[in-house]
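Trainee: To be precise about what I am sending: the file is called query-v7.cif and holds mmCIF, C-alpha atoms.
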data_entry
loop_
_atom_site.label_atom_id
_atom_site.label_comp_id
_atom_site.auth_asym_id
_atom_site.auth_seq_id
_atom_site.Cartn_x
_atom_site.Cartn_y
_atom_site.Cartn_z
CA MET A 32 -53.49 26.43 19.84
CA ILE A 33 -51.42 27.41 16.81
CA ARG A 34 -48.25 26.25 18.57
CA ALA A 35 -49.90 22.91 19.37
CA LEU A 36 -50.94 22.39 15.71
CA THR A 37 -47.46 23.33 14.53
CA LEU A 38 -45.88 20.87 16.95
CA ALA A 39 -48.30 18.12 15.90
CA THR A 40 -47.54 18.76 12.22
CA ALA A 41 -43.79 18.61 12.88
CA LEU A 42 -44.14 15.34 14.74
CA LEU A 43 -46.26 13.89 11.93
CA ILE A 44 -43.66 14.90 9.32
CA ALA A 45 -40.89 13.37 11.45
CA ALA A 46 -42.88 10.16 11.78
CA LEU A 47 -43.61 9.91 8.03
CA ALA A 48 -40.02 10.65 6.91
CA PRO A 49 -38.60 7.18 7.75
CA LEU A 50 -41.71 5.62 6.24
CA ARG A 51 -40.94 7.29 2.92
CA VAL A 52 -37.34 6.01 3.06
CA SER A 53 -38.57 2.55 4.03
CA ALA A 54 -41.06 2.52 1.16
CA ARG A 55 -38.25 3.54 -1.16
CA ALA A 56 -36.11 0.69 0.10
CA ASP A 57 -38.92 -1.85 -0.16
CA HIS A 58 -39.64 -0.75 -3.72
CA ALA A 59 -36.00 -1.48 -4.57
CA ALA A 60 -36.67 -5.20 -4.00
CA SER A 61 -38.11 -5.55 -7.52
CA GLY A 62 -37.72 -3.96 -10.93
CA TYR A 63 -33.93 -3.74 -10.62
CA HIS A 64 -32.39 -3.45 -14.13
CA PRO A 65 -28.90 -1.89 -13.87
CA SER A 66 -26.50 -1.64 -16.75
CA VAL A 67 -22.93 -2.69 -15.97
CA SER A 68 -19.68 -1.19 -17.22
CA GLY A 69 -16.11 -1.63 -16.09
CA LYS A 70 -12.92 -3.43 -16.93
CA LEU A 71 -10.84 -6.55 -16.50
CA ILE A 72 -8.29 -5.82 -13.76
CA GLY A 73 -6.68 -9.27 -13.42
CA TYR A 74 -6.09 -12.23 -15.74
CA ARG A 75 -3.46 -14.87 -15.01
CA LEU A 76 -2.87 -18.54 -15.64
CA ALA A 77 -3.71 -20.45 -12.45
CA GLY A 78 -3.08 -23.99 -13.66
CA ILE A 79 -3.97 -26.76 -16.08
CA GLU A 80 -6.88 -29.13 -15.51
CA PRO A 81 -6.19 -32.90 -15.77
CA ASP A 82 -7.94 -32.97 -19.15
CA GLY A 83 -5.64 -30.22 -20.43
CA ASP A 84 -8.05 -27.27 -20.14
CA PRO A 85 -6.25 -24.04 -19.12
CA LEU A 86 -7.48 -22.57 -15.82
CA ASP A 87 -7.27 -18.78 -15.44
CA GLN A 88 -8.03 -16.55 -12.48
CA ILE A 89 -9.77 -13.30 -13.42
CA ALA A 90 -10.86 -10.17 -11.55
CA LEU A 91 -13.46 -7.63 -12.69
CA GLN A 92 -14.15 -4.12 -11.41
CA THR A 93 -17.45 -2.68 -12.62
CA THR A 94 -20.16 -0.12 -11.90
CA LEU A 95 -23.88 -0.88 -11.58
CA SER A 96 -25.88 2.07 -12.89
CA PRO A 97 -28.78 3.59 -10.88
CA SER A 98 -32.00 1.66 -11.40
CA ALA A 99 -35.48 2.11 -9.95
CA THR A 100 -34.76 3.54 -6.49
CA VAL A 101 -31.32 1.93 -6.11
CA PRO A 102 -28.36 4.33 -6.49
CA SER A 103 -25.18 3.47 -8.34
CA MET A 104 -23.02 0.78 -6.73
CA ARG A 105 -19.82 -1.10 -7.49
CA LEU A 106 -19.60 -4.77 -8.49
CA PHE A 107 -16.37 -6.79 -8.12
CA VAL A 108 -15.85 -10.36 -9.34
CA ASN A 109 -13.07 -12.78 -8.42
CA ALA A 110 -13.41 -16.07 -10.31
CA TYR A 111 -11.68 -18.95 -12.08
CA LEU A 112 -12.23 -19.45 -15.80
CA GLU A 113 -11.90 -22.93 -17.29
CA ASN A 114 -11.26 -22.66 -21.04
CA PHE A 115 -12.72 -25.60 -22.98
CA LYS A 116 -11.07 -27.28 -25.93
CA PRO A 117 -13.24 -28.67 -28.76
CA ASP A 118 -12.91 -32.22 -27.41
CA THR A 119 -13.56 -31.27 -23.75
CA THR A 120 -16.56 -28.92 -24.17
CA PRO A 121 -19.36 -30.23 -21.93
CA ILE A 122 -23.07 -30.22 -22.70
CA LEU A 123 -24.62 -27.68 -20.31
CA PRO A 124 -27.90 -25.78 -20.15
CA ASP A 125 -27.84 -22.03 -20.74
CA LEU A 126 -27.66 -20.29 -17.35
CA LEU A 127 -30.26 -17.76 -18.51
CA ASN A 128 -32.56 -20.38 -20.07
CA ARG A 129 -32.40 -23.79 -18.44
CA ASN A 130 -34.56 -25.31 -21.18
CA LYS A 131 -32.00 -24.36 -23.83
CA GLN A 132 -28.61 -25.93 -24.42
CA ALA A 133 -25.57 -23.65 -24.28
CA GLN A 134 -24.30 -23.46 -27.87
CA ASN A 135 -20.73 -22.47 -28.86
CA LEU A 136 -19.60 -22.65 -25.24
CA GLY A 137 -15.98 -21.65 -24.75
CA GLY A 138 -15.55 -21.65 -20.97
CA PHE A 139 -17.10 -21.62 -17.52
CA LEU A 140 -16.50 -19.18 -14.65
CA GLN A 141 -16.98 -19.92 -10.94
CA GLY A 142 -16.15 -17.59 -8.08
CA LYS A 143 -17.41 -14.81 -5.84
CA ALA A 144 -19.09 -11.44 -6.42
CA LEU A 145 -19.07 -8.40 -4.14
CA ILE A 146 -21.24 -5.27 -4.25
CA THR A 147 -19.88 -2.15 -2.52
CA ASP A 148 -20.72 1.51 -2.18
CA ASN A 149 -18.64 4.14 -3.97
CA ALA A 150 -16.17 4.18 -1.08
CA GLY A 151 -15.47 0.44 -1.31
CA ASN A 152 -17.45 -0.65 1.77
CA VAL A 153 -18.73 -4.18 1.08
CA LEU A 154 -22.53 -4.54 1.24
CA TYR A 155 -23.20 -7.89 -0.46
CA ILE A 156 -21.13 -11.04 -1.01
CA GLY A 157 -22.20 -14.15 -2.90
CA ALA A 158 -21.61 -16.78 -5.55
CA PHE A 159 -20.87 -15.95 -9.18
CA LEU A 160 -21.39 -18.28 -12.14
CA ALA A 161 -20.98 -17.45 -15.81
CA GLU A 162 -20.80 -19.18 -19.16
CA ALA A 163 -18.35 -17.72 -21.69
CA PHE A 164 -19.37 -18.17 -25.32
CA LEU A 165 -17.14 -18.07 -28.39
CA ASN A 166 -18.96 -14.97 -29.70
CA ASN A 167 -17.71 -12.96 -26.67
CA SER A 168 -21.07 -13.11 -24.92
CA ASN A 169 -21.10 -14.08 -21.25
CA HIS A 170 -24.21 -15.24 -19.37
CA ALA A 171 -23.92 -14.62 -15.62
CA VAL A 172 -25.92 -15.47 -12.49
CA MET A 173 -25.23 -14.11 -8.98
CA GLN A 174 -26.79 -14.95 -5.61
CA LEU A 175 -25.64 -12.59 -2.83
CA ASP A 176 -26.33 -12.03 0.85
CA GLY A 177 -26.07 -8.70 2.59
CA GLY A 178 -23.76 -7.81 5.44
CA SER A 179 -22.81 -4.77 7.48
CA ALA A 180 -25.31 -2.00 6.61
CA ALA A 181 -27.16 -4.44 4.30
CA ALA A 182 -27.43 -7.24 6.88
CA SER A 183 -30.35 -9.69 6.50
CA SER A 184 -30.94 -8.60 2.89
CA HIS A 185 -30.42 -10.53 -0.32
CA ALA A 186 -29.80 -10.00 -4.02
CA ARG A 187 -30.14 -12.17 -7.10
CA LEU A 188 -28.95 -10.85 -10.45
CA GLN A 189 -28.56 -12.32 -13.91
CA GLY A 190 -27.70 -10.98 -17.31
CA THR A 191 -25.11 -10.71 -20.04
CA PHE A 192 -21.84 -8.86 -20.52
CA SER A 193 -19.02 -8.75 -23.04
CA LEU A 194 -15.34 -7.85 -22.99
CA ASN A 195 -13.46 -6.16 -25.80
CA LYS A 196 -9.79 -6.63 -26.66
CA GLN A 197 -8.78 -3.76 -24.37
CA GLY A 198 -10.50 -5.41 -21.40
CA ALA A 199 -13.46 -3.00 -21.23
CA LEU A 200 -16.69 -4.59 -20.01
CA HIS A 201 -20.28 -3.69 -20.93
CA GLY A 202 -23.58 -5.40 -20.23
CA ALA A 203 -26.90 -5.37 -18.41
CA PHE A 204 -28.36 -7.26 -15.44
CA GLN A 205 -31.78 -7.70 -13.95
CA GLY A 206 -33.24 -9.23 -10.82
CA ARG A 207 -34.12 -8.49 -7.22
CA LEU A 208 -32.19 -6.55 -4.60
CA THR A 209 -33.53 -5.72 -1.15
CA LEU A 210 -31.92 -2.55 0.11
CA PRO A 211 -32.29 -1.77 3.83
CA VAL A 212 -32.61 1.81 4.98
CA ALA A 213 -29.17 1.72 6.61
CA ALA A 214 -27.54 0.55 3.35
CA LEU A 215 -29.39 3.19 1.35
CA ARG A 216 -28.22 5.93 3.68
CA GLN A 217 -24.64 4.66 3.52
CA ILE A 218 -24.69 4.61 -0.29
CA GLU A 219 -26.01 8.17 -0.34
CA ARG A 220 -23.38 9.25 2.20
CA TYR A 221 -20.53 8.01 -0.02
CA ARG A 222 -22.18 8.85 -3.34
CA LYS A 223 -19.33 11.18 -4.41
CA ALA A 224 -16.53 8.97 -3.09
CA THR A 225 -14.05 7.19 -5.38
CA ILE A 226 -12.44 3.80 -4.88
CA GLN A 227 -8.66 4.06 -5.05
CA SER A 228 -6.61 1.43 -6.84
CA ALA A 229 -4.92 0.51 -3.56
CA GLN A 230 -8.31 -0.45 -2.12
CA VAL A 231 -9.15 -3.00 -4.79
CA LYS A 232 -6.92 -5.76 -3.41
CA SER A 233 -8.40 -5.45 0.08
CA ILE A 234 -11.90 -5.63 -1.40
CA LEU A 235 -11.11 -8.80 -3.34
CA ASP A 236 -9.34 -10.26 -0.31
CA ALA A 237 -12.67 -10.17 1.53
CA VAL A 238 -13.48 -13.47 -0.22
CA LYS A 239 -11.46 -16.64 -0.64
CA VAL A 240 -11.82 -18.16 -4.08
CA LYS A 241 -10.66 -21.71 -4.80
CA PRO A 242 -10.82 -23.68 -8.04
CA ALA A 243 -14.01 -25.74 -8.17
CA ALA A 244 -14.38 -29.23 -9.58
CA MET A 245 -13.53 -29.55 -13.25
CA VAL A 246 -16.46 -28.80 -15.56
CA GLY A 247 -14.95 -29.81 -18.90
CA ARG A 248 -15.60 -33.24 -20.35
CA LYS A 249 -12.87 -35.68 -19.34
CA THR A 250 -10.95 -37.34 -22.14
CA ALA A 251 -9.10 -39.68 -19.75
CA ARG A 252 -9.58 -41.03 -16.26
CA SER A 253 -8.38 -38.36 -13.85
CA GLN A 254 -9.06 -36.56 -10.60
CA THR A 255 -11.19 -33.41 -10.73
CA VAL A 256 -8.53 -31.10 -9.28
CA PRO A 257 -6.37 -28.61 -11.16
CA LEU A 258 -2.63 -28.82 -11.46
CA HIS A 259 -1.73 -25.63 -9.60
CA THR A 260 1.03 -23.23 -10.51
CA GLY A 261 0.97 -21.41 -7.16
CA TYR A 262 -0.79 -18.25 -8.38
CA ALA A 263 -2.82 -16.20 -5.85
CA ASN A 264 -2.02 -18.31 -2.80
CA THR A 265 -3.61 -21.45 -4.17
CA THR A 266 -2.89 -24.77 -2.51
CA PRO A 267 0.53 -26.36 -3.17
CA ALA A 268 1.01 -28.35 -6.31
CA ARG A 269 -0.16 -31.90 -5.95
CA THR A 270 0.48 -34.98 -8.07
CA VAL A 271 -2.40 -35.66 -10.42
CA THR A 272 -3.08 -39.31 -11.18
CA THR A 273 -4.13 -39.96 -14.76
CA HIS A 274 -4.45 -43.00 -16.94
CA SER A 275 -1.28 -42.14 -18.84
CA THR A 276 0.85 -40.93 -15.89
CA ARG A 277 0.09 -43.41 -13.11
CA ARG A 278 2.41 -43.53 -10.10
CA VAL A 279 4.25 -46.82 -9.53
CA SER A 280 3.83 -48.37 -6.08
CA GLN A 281 6.77 -49.50 -3.91
CA TRP A 282 5.69 -53.15 -4.15
CA THR A 283 5.82 -52.95 -7.93
CA ILE A 284 9.35 -51.50 -7.73
CA PHE A 285 10.49 -54.25 -5.33
CA ALA A 286 8.97 -56.97 -7.51
CA GLY A 287 10.62 -55.56 -10.62
CA ALA A 288 14.00 -55.29 -8.91
CA GLY A 289 13.68 -58.87 -7.63
CA ALA A 290 12.89 -60.13 -11.11
CA VAL A 291 15.96 -58.36 -12.53
CA VAL A 292 18.20 -59.85 -9.79
CA CYS A 293 16.82 -63.33 -10.41
CA PHE A 294 17.38 -63.00 -14.15
CA VAL A 295 20.98 -61.83 -13.71
CA THR A 296 21.70 -64.57 -11.16
CA ALA A 297 20.28 -67.25 -13.46
CA ALA A 298 22.36 -65.95 -16.36
CA LEU A 299 25.58 -66.01 -14.26
CA LEU A 300 24.86 -69.55 -13.03
CA PHE A 301 24.20 -70.70 -16.58
CA ILE A 302 27.50 -69.23 -17.84
CA ARG A 303 29.39 -70.72 -14.88
CA GLU A 304 27.89 -74.17 -15.50
CA ARG A 305 28.85 -74.06 -19.17
CA ARG A 306 32.45 -73.18 -18.28
CA ALA A 307 32.66 -75.97 -15.67
CA ALA A 308 31.30 -78.50 -18.15
CA SER A 309 33.90 -77.54 -20.74
CA THR A 310 36.78 -78.10 -18.27
CA ARG A 311 35.52 -81.58 -17.27
CA ARG A 312 35.25 -82.78 -20.90
CA PRO A 313 37.98 -85.56 -21.70
CA PRO A 314 40.55 -84.78 -24.43
CA PRO A 315 39.85 -86.31 -27.89
CA ALA A 316 41.50 -89.79 -28.56
CA GLU A 317 44.57 -89.93 -30.85
CA ALA A 318 44.13 -91.55 -34.21
CA ALA A 319 45.62 -95.08 -34.63
CA GLY A 320 48.95 -95.17 -36.56
#
Let me see the structure of the file written as structure tokens.
Mentor:
Amino acid sequence: MIRALTLATALLIAALAPLRVSARADHAASGYHPSVSGKLIGYRLAGIEPDGDPLDQIALQTTLSPSATVPSMRLFVNAYLENFKPDTTPILPDLLNRNKQAQNLGGFLQGKALITDNAGNVLYIGAFLAEAFLNNSNHAVMQLDGGSAAASSHARLQGTFSLNKQGALHGAFQGRLTLPVAALRQIERYRKATIQSAQVKSILDAVKVKPAAMVGRKTARSQTVPLHTGYANTTPARTVTTHSTRRVSQWTIFAGAGAVVCFVTAALLFIRERRAASTRRPPPAEAAG
């Protein structure tokens, strides 16, 4: 009898164990408020927009602190930053408050975000948007979908961060993150692991980031594509048509050349006719003696 009760108790404990983990994972879907810290690991000129705004490609490597029942994870960002000039700054709503206009806006970031465990295994991938203000405050929004151990899960985060002159990043996010049991176990398994610098490129290469349509206010008629410099395997440089640098068609060249030929021909005929007329003119009569 005692053996039967012991066996029943063991089976009950084994049955409740995954329920406790599952409840922990379900609770992680709300109340997620991680702080973020890290650094800028890449910043290069990627091109110039048709309106003259510089376009930079940036990469961030950060850590999301433990929050609620979610352990610490890593956040990577690969994005393009369009730097606005005073005469090209657009009027946009604040990403964190759509009823408020973004004041003192200095740039706009568009790209991809990745969340990994401490070993660099990618769990979530999604879109990254951020507004960069002149006071070094950045408002960011991320919408991510889970893959691998986090398949069929989702995450939405928003918040603020700042960068100092040395490239160090600090901030705080909030939002929702559903963490499946398999992802939670994987994070715990690699909790003491460390991402090596050689791994960072392969992590960022998991997403393909391309310059989006120009956000800055146009000061002249132009296409909404950047003038590439070839950085980071971007598409080859293409000719940008603007109001001030318009390409001349072949028909215009032919017409211009024809007009020049006609003008030169007419001038030669005119000179030739004048010379012929002067040779046909009779000599002046001699005066009477």
Trainee: Nearest to A:Gln205 among A:Leu136, A:Met104, A:Leu71, A:Leu95, with distances taken over only C-alpha atoms: which residue is it?
Mentor: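 When distances to A:Gln205 are compared using only C-alpha atoms, the smallest one comes from A:Leu95.
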Trainee: Using all atoms listed in the file, which protein or nucleic acid residues come within 8 Å of A:Arg105? Drop anything in the same chain fewer than 4 positions from it, and give the result as JSON, numbers by chain.
Mentor: {"A": [92, 93, 94, 95, 146, 147, 148, 149, 151]}
Trainee: How many Å separate atom CA of A:Ile89 from atom CA of A:Ala77?
Mentor: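 Distance reported for this atom pair: 9.4 Å.
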Trainee: Could you pull the residues within 12 Å of A:Gln197, counting only C-alpha atoms, minus those fewer than 5 positions along the same chain, as a list in words?
Mentor: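 The neighbour list is Gly69, Lys70, Leu71 and Ile72 of chain A.
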Trainee: I would like the residues chosen by the PyMOL selection byres ((chain A and resi 67) around 9) on the shown file; could you give them as a PyMOL selection string?
Mentor: chain A and resi 65-66+68-69+93-96+106+192+200-204
Trainee: Any chance you could export the current selection's C-alpha atoms as a PDB file, in the frame of the given file?
Mentor:
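Okay, this is what ended up in result-v5.pdb:
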ATOM      1  CA  PRO A  65     -28.900  -1.890 -13.870  1.00  0.00           C
ATOM      2  CA  SER A  66     -26.500  -1.640 -16.750  1.00  0.00           C
ATOM      3  CA  SER A  68     -19.680  -1.190 -17.220  1.00  0.00           C
ATOM      4  CA  GLY A  69     -16.110  -1.630 -16.090  1.00  0.00           C
ATOM      5  CA  THR A  93     -17.450  -2.680 -12.620  1.00  0.00           C
ATOM      6  CA  THR A  94     -20.160  -0.120 -11.900  1.00  0.00           C
ATOM      7  CA  LEU A  95     -23.880  -0.880 -11.580  1.00  0.00           C
ATOM      8  CA  SER A  96     -25.880   2.070 -12.890  1.00  0.00           C
ATOM      9  CA  LEU A 106     -19.600  -4.770  -8.490  1.00  0.00           C
ATOM     10  CA  PHE A 192     -21.840  -8.860 -20.520  1.00  0.00           C
ATOM     11  CA  LEU A 200     -16.690  -4.590 -20.010  1.00  0.00           C
ATOM     12  CA  HIS A 201     -20.280  -3.690 -20.930  1.00  0.00           C
ATOM     13  CA  GLY A 202     -23.580  -5.400 -20.230  1.00  0.00           C
ATOM     14  CA  ALA A 203     -26.900  -5.370 -18.410  1.00  0.00           C
ATOM     15  CA  PHE A 204     -28.360  -7.260 -15.440  1.00  0.00           C
TER      16      PHE A 204
END
Trainee: Just want the 9 Å neighbourhood of stretch 177-181 of chain A, counted on only C-alpha atoms, with same-chain residues fewer than 6 positions away dropped. Output as an mmCIF file with C-alpha atoms, in the frame of the given file.
Mentor:
data_model
loop_
_atom_site.group_PDB
_atom_site.id
_atom_site.type_symbol
_atom_site.label_atom_id
_atom_site.label_comp_id
_atom_site.auth_asym_id
_atom_site.auth_seq_id
_atom_site.Cartn_x
_atom_site.Cartn_y
_atom_site.Cartn_z
ATOM 1 C CA ASN A 152 -17.450 -0.650 1.770
ATOM 2 C CA VAL A 153 -18.730 -4.180 1.080
ATOM 3 C CA LEU A 154 -22.530 -4.540 1.240
ATOM 4 C CA TYR A 155 -23.200 -7.890 -0.460
ATOM 5 C CA ILE A 156 -21.130 -11.040 -1.010
ATOM 6 C CA GLY A 157 -22.200 -14.150 -2.900
ATOM 7 C CA THR A 209 -33.530 -5.720 -1.150
ATOM 8 C CA LEU A 210 -31.920 -2.550 0.110
ATOM 9 C CA PRO A 211 -32.290 -1.770 3.830
ATOM 10 C CA VAL A 212 -32.610 1.810 4.980
ATOM 11 C CA ALA A 213 -29.170 1.720 6.610
ATOM 12 C CA ALA A 214 -27.540 0.550 3.350
ATOM 13 C CA LEU A 215 -29.390 3.190 1.350
ATOM 14 C CA ARG A 216 -28.220 5.930 3.680
ATOM 15 C CA GLN A 217 -24.640 4.660 3.520
#
Trainee: Can you tell me which residues surround A:Val238 at a distance of at most 10 Å, considering only C-alpha atoms, apart from same-chain residues fewer than 4 positions away, and format the answer as a list in words?
Mentor: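 Those residues are Val108, Asn109, Gly142, Lys143, Ala144, Leu145, Ile156, Gly157, Ser233 and Ile234 of chain A.
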Trainee: Between A:Gln141, A:Ser183, A:Ser228, A:Ser98, single out the one closest to A:Ala243, counting all atoms listed in the file.
Mentor: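 Going through A:Gln141, A:Ser183, A:Ser228, A:Ser98 one by one, the smallest distance to A:Ala243 is for A:Gln141.
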Trainee: For a quick check of understanding, using only C-alpha atoms, which of A:His185, A:Tyr111, A:His64, A:Leu140 has the smallest distance to A:Ala163?
Mentor: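 The closest residue to A:Ala163 is A:Leu140.
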Trainee: Using the chain letters and numbers from the file, give me the residues hit by the PyMOL selection byres ((chain A and resi 208) around 9), as a count of residues only.
Mentor: 15
Trainee: Between atom CA of A:Phe107 and atom CA of A:Pro242, what distance in Å does the model show, to one decimal?
Mentor: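 Distance between the two atoms: 17.8 Å.
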Trainee: Any idea what's packed within 8 Å of A:Asn167, counting only C-alpha atoms, ignoring anything in its chain fewer than 3 positions away? Could you give it as a PDB file with C-alpha atoms, keeping the file's coordinate frame?
Mentor:
ATOM      1  CA  ALA A 163     -18.350 -17.720 -21.690  1.00  0.00           C
ATOM      2  CA  PHE A 164     -19.370 -18.170 -25.320  1.00  0.00           C
ATOM      3  CA  SER A 193     -19.020  -8.750 -23.040  1.00  0.00           C
ATOM      4  CA  LEU A 194     -15.340  -7.850 -22.990  1.00  0.00           C
TER       5      LEU A 194
END
Trainee: Expressed in Å to a single decimal, how great is the separation between atom CA of A:Thr119 and atom CA of A:Phe159?
Mentor: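 About the pair atom CA of A:Thr119 and atom CA of A:Phe159: they are 22.4 Å apart.
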Trainee: Which one is closest to A:Tyr221: A:Pro97, A:Leu123, A:Ile79, A:Ala150? Count all atoms listed in the file.
Mentor: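 Among the listed residues, the smallest separation from A:Tyr221 belongs to A:Ala150.
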Trainee: Decode the PyMOL selection byres ((chain A and resi 133) around 12) for the given file into explicit residues and return them as a list in words.
Mentor: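 In the shown coordinates, the PyMOL selection byres ((chain A and resi 133) around 12) covers Thr120, Pro121, Ile122, Leu123, Pro124, Asp125, Leu126, Leu127, Asn128, Arg129, Asn130, Lys131, Gln132, Gln134, Asn135, Leu136, Gly137, Gly138, Phe139, Ala161, Glu162, Ala163, Phe164, Leu165, Ser168, Asn169 and His170 of chain A.
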Trainee: Write the residues you've just listed into a file as a PDB file, in the frame of the given file, and include C-alpha atoms for each of them.
Mentor:
ATOM      1  CA  THR A 120     -16.560 -28.920 -24.170  1.00  0.00           C
ATOM      2  CA  PRO A 121     -19.360 -30.230 -21.930  1.00  0.00           C
ATOM      3  CA  ILE A 122     -23.070 -30.220 -22.700  1.00  0.00           C
ATOM      4  CA  LEU A 123     -24.620 -27.680 -20.310  1.00  0.00           C
ATOM      5  CA  PRO A 124     -27.900 -25.780 -20.150  1.00  0.00           C
ATOM      6  CA  ASP A 125     -27.840 -22.030 -20.740  1.00  0.00           C
ATOM      7  CA  LEU A 126     -27.660 -20.290 -17.350  1.00  0.00           C
ATOM      8  CA  LEU A 127     -30.260 -17.760 -18.510  1.00  0.00           C
ATOM      9  CA  ASN A 128     -32.560 -20.380 -20.070  1.00  0.00           C
ATOM     10  CA  ARG A 129     -32.400 -23.790 -18.440  1.00  0.00           C
ATOM     11  CA  ASN A 130     -34.560 -25.310 -21.180  1.00  0.00           C
ATOM     12  CA  LYS A 131     -32.000 -24.360 -23.830  1.00  0.00           C
ATOM     13  CA  GLN A 132     -28.610 -25.930 -24.420  1.00  0.00           C
ATOM     14  CA  GLN A 134     -24.300 -23.460 -27.870  1.00  0.00           C
ATOM     15  CA  ASN A 135     -20.730 -22.470 -28.860  1.00  0.00           C
ATOM     16  CA  LEU A 136     -19.600 -22.650 -25.240  1.00  0.00           C
ATOM     17  CA  GLY A 137     -15.980 -21.650 -24.750  1.00  0.00           C
ATOM     18  CA  GLY A 138     -15.550 -21.650 -20.970  1.00  0.00           C
ATOM     19  CA  PHE A 139     -17.100 -21.620 -17.520  1.00  0.00           C
ATOM     20  CA  ALA A 161     -20.980 -17.450 -15.810  1.00  0.00           C
ATOM     21  CA  GLU A 162     -20.800 -19.180 -19.160  1.00  0.00           C
ATOM     22  CA  ALA A 163     -18.350 -17.720 -21.690  1.00  0.00           C
ATOM     23  CA  PHE A 164     -19.370 -18.170 -25.320  1.00  0.00           C
ATOM     24  CA  LEU A 165     -17.140 -18.070 -28.390  1.00  0.00           C
ATOM     25  CA  SER A 168     -21.070 -13.110 -24.920  1.00  0.00           C
ATOM     26  CA  ASN A 169     -21.100 -14.080 -21.250  1.00  0.00           C
ATOM     27  CA  HIS A 170     -24.210 -15.240 -19.370  1.00  0.00           C
TER      28      HIS A 170
END
Trainee: So, with all atoms listed in the file as the atoms that count, which of A:Glu219, A:Val172, A:Ser103, A:Asn166 lies closest to A:Asn195?
Mentor: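 Looking only at the distances to A:Asn195, the closest residue turns out to be A:Asn166.
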Trainee: Please write a file for stretch 108-112 of chain A, taken from the block I just shared, that holds all heavy atoms and is laid out as a PDB file, in the first residue's frame.
Mentor:
ATOM      1  N   VAL A 108      20.697  44.359 -33.382  1.00  0.00           N
ATOM      2  CA  VAL A 108      19.978  45.219 -34.326  1.00  0.00           C
ATOM      3  C   VAL A 108      20.884  45.506 -35.511  1.00  0.00           C
ATOM      4  O   VAL A 108      22.061  45.847 -35.340  1.00  0.00           O
ATOM      5  CB  VAL A 108      19.538  46.547 -33.669  1.00  0.00           C
ATOM      6  CG1 VAL A 108      18.958  47.496 -34.711  1.00  0.00           C
ATOM      7  CG2 VAL A 108      18.524  46.282 -32.568  1.00  0.00           C
ATOM      8  N   ASN A 109      20.330  45.355 -36.705  1.00  0.00           N
ATOM      9  CA  ASN A 109      21.014  45.702 -37.947  1.00  0.00           C
ATOM     10  C   ASN A 109      20.076  46.625 -38.718  1.00  0.00           C
ATOM     11  O   ASN A 109      19.009  46.191 -39.154  1.00  0.00           O
ATOM     12  CB  ASN A 109      21.336  44.450 -38.764  1.00  0.00           C
ATOM     13  CG  ASN A 109      22.248  44.743 -39.948  1.00  0.00           C
ATOM     14  OD1 ASN A 109      22.624  45.886 -40.199  1.00  0.00           O
ATOM     15  ND2 ASN A 109      22.601  43.713 -40.695  1.00  0.00           N
ATOM     16  N   ALA A 110      20.433  47.899 -38.859  1.00  0.00           N
ATOM     17  CA  ALA A 110      19.489  48.866 -39.420  1.00  0.00           C
ATOM     18  C   ALA A 110      20.213  49.959 -40.184  1.00  0.00           C
ATOM     19  O   ALA A 110      21.430  50.148 -40.053  1.00  0.00           O
ATOM     20  CB  ALA A 110      18.649  49.480 -38.303  1.00  0.00           C
ATOM     21  N   TYR A 111      19.432  50.690 -40.980  1.00  0.00           N
ATOM     22  CA  TYR A 111      19.920  51.870 -41.698  1.00  0.00           C
ATOM     23  C   TYR A 111      19.391  53.118 -41.004  1.00  0.00           C
ATOM     24  O   TYR A 111      18.225  53.182 -40.621  1.00  0.00           O
ATOM     25  CB  TYR A 111      19.467  51.862 -43.160  1.00  0.00           C
ATOM     26  CG  TYR A 111      20.261  50.934 -44.034  1.00  0.00           C
ATOM     27  CD1 TYR A 111      19.840  49.629 -44.255  1.00  0.00           C
ATOM     28  CD2 TYR A 111      21.438  51.359 -44.645  1.00  0.00           C
ATOM     29  CE1 TYR A 111      20.578  48.766 -45.058  1.00  0.00           C
ATOM     30  CE2 TYR A 111      22.183  50.514 -45.448  1.00  0.00           C
ATOM     31  CZ  TYR A 111      21.741  49.219 -45.656  1.00  0.00           C
ATOM     32  OH  TYR A 111      22.478  48.369 -46.441  1.00  0.00           O
ATOM     33  N   LEU A 112      20.254  54.095 -40.845  1.00  0.00           N
ATOM     34  CA  LEU A 112      19.909  55.358 -40.205  1.00  0.00           C
ATOM     35  C   LEU A 112      19.971  56.480 -41.236  1.00  0.00           C
ATOM     36  O   LEU A 112      21.018  56.742 -41.816  1.00  0.00           O
ATOM     37  CB  LEU A 112      20.871  55.651 -39.052  1.00  0.00           C
ATOM     38  CG  LEU A 112      20.843  57.071 -38.471  1.00  0.00           C
ATOM     39  CD1 LEU A 112      19.491  57.374 -37.845  1.00  0.00           C
ATOM     40  CD2 LEU A 112      21.967  57.253 -37.450  1.00  0.00           C
TER      41      LEU A 112
END
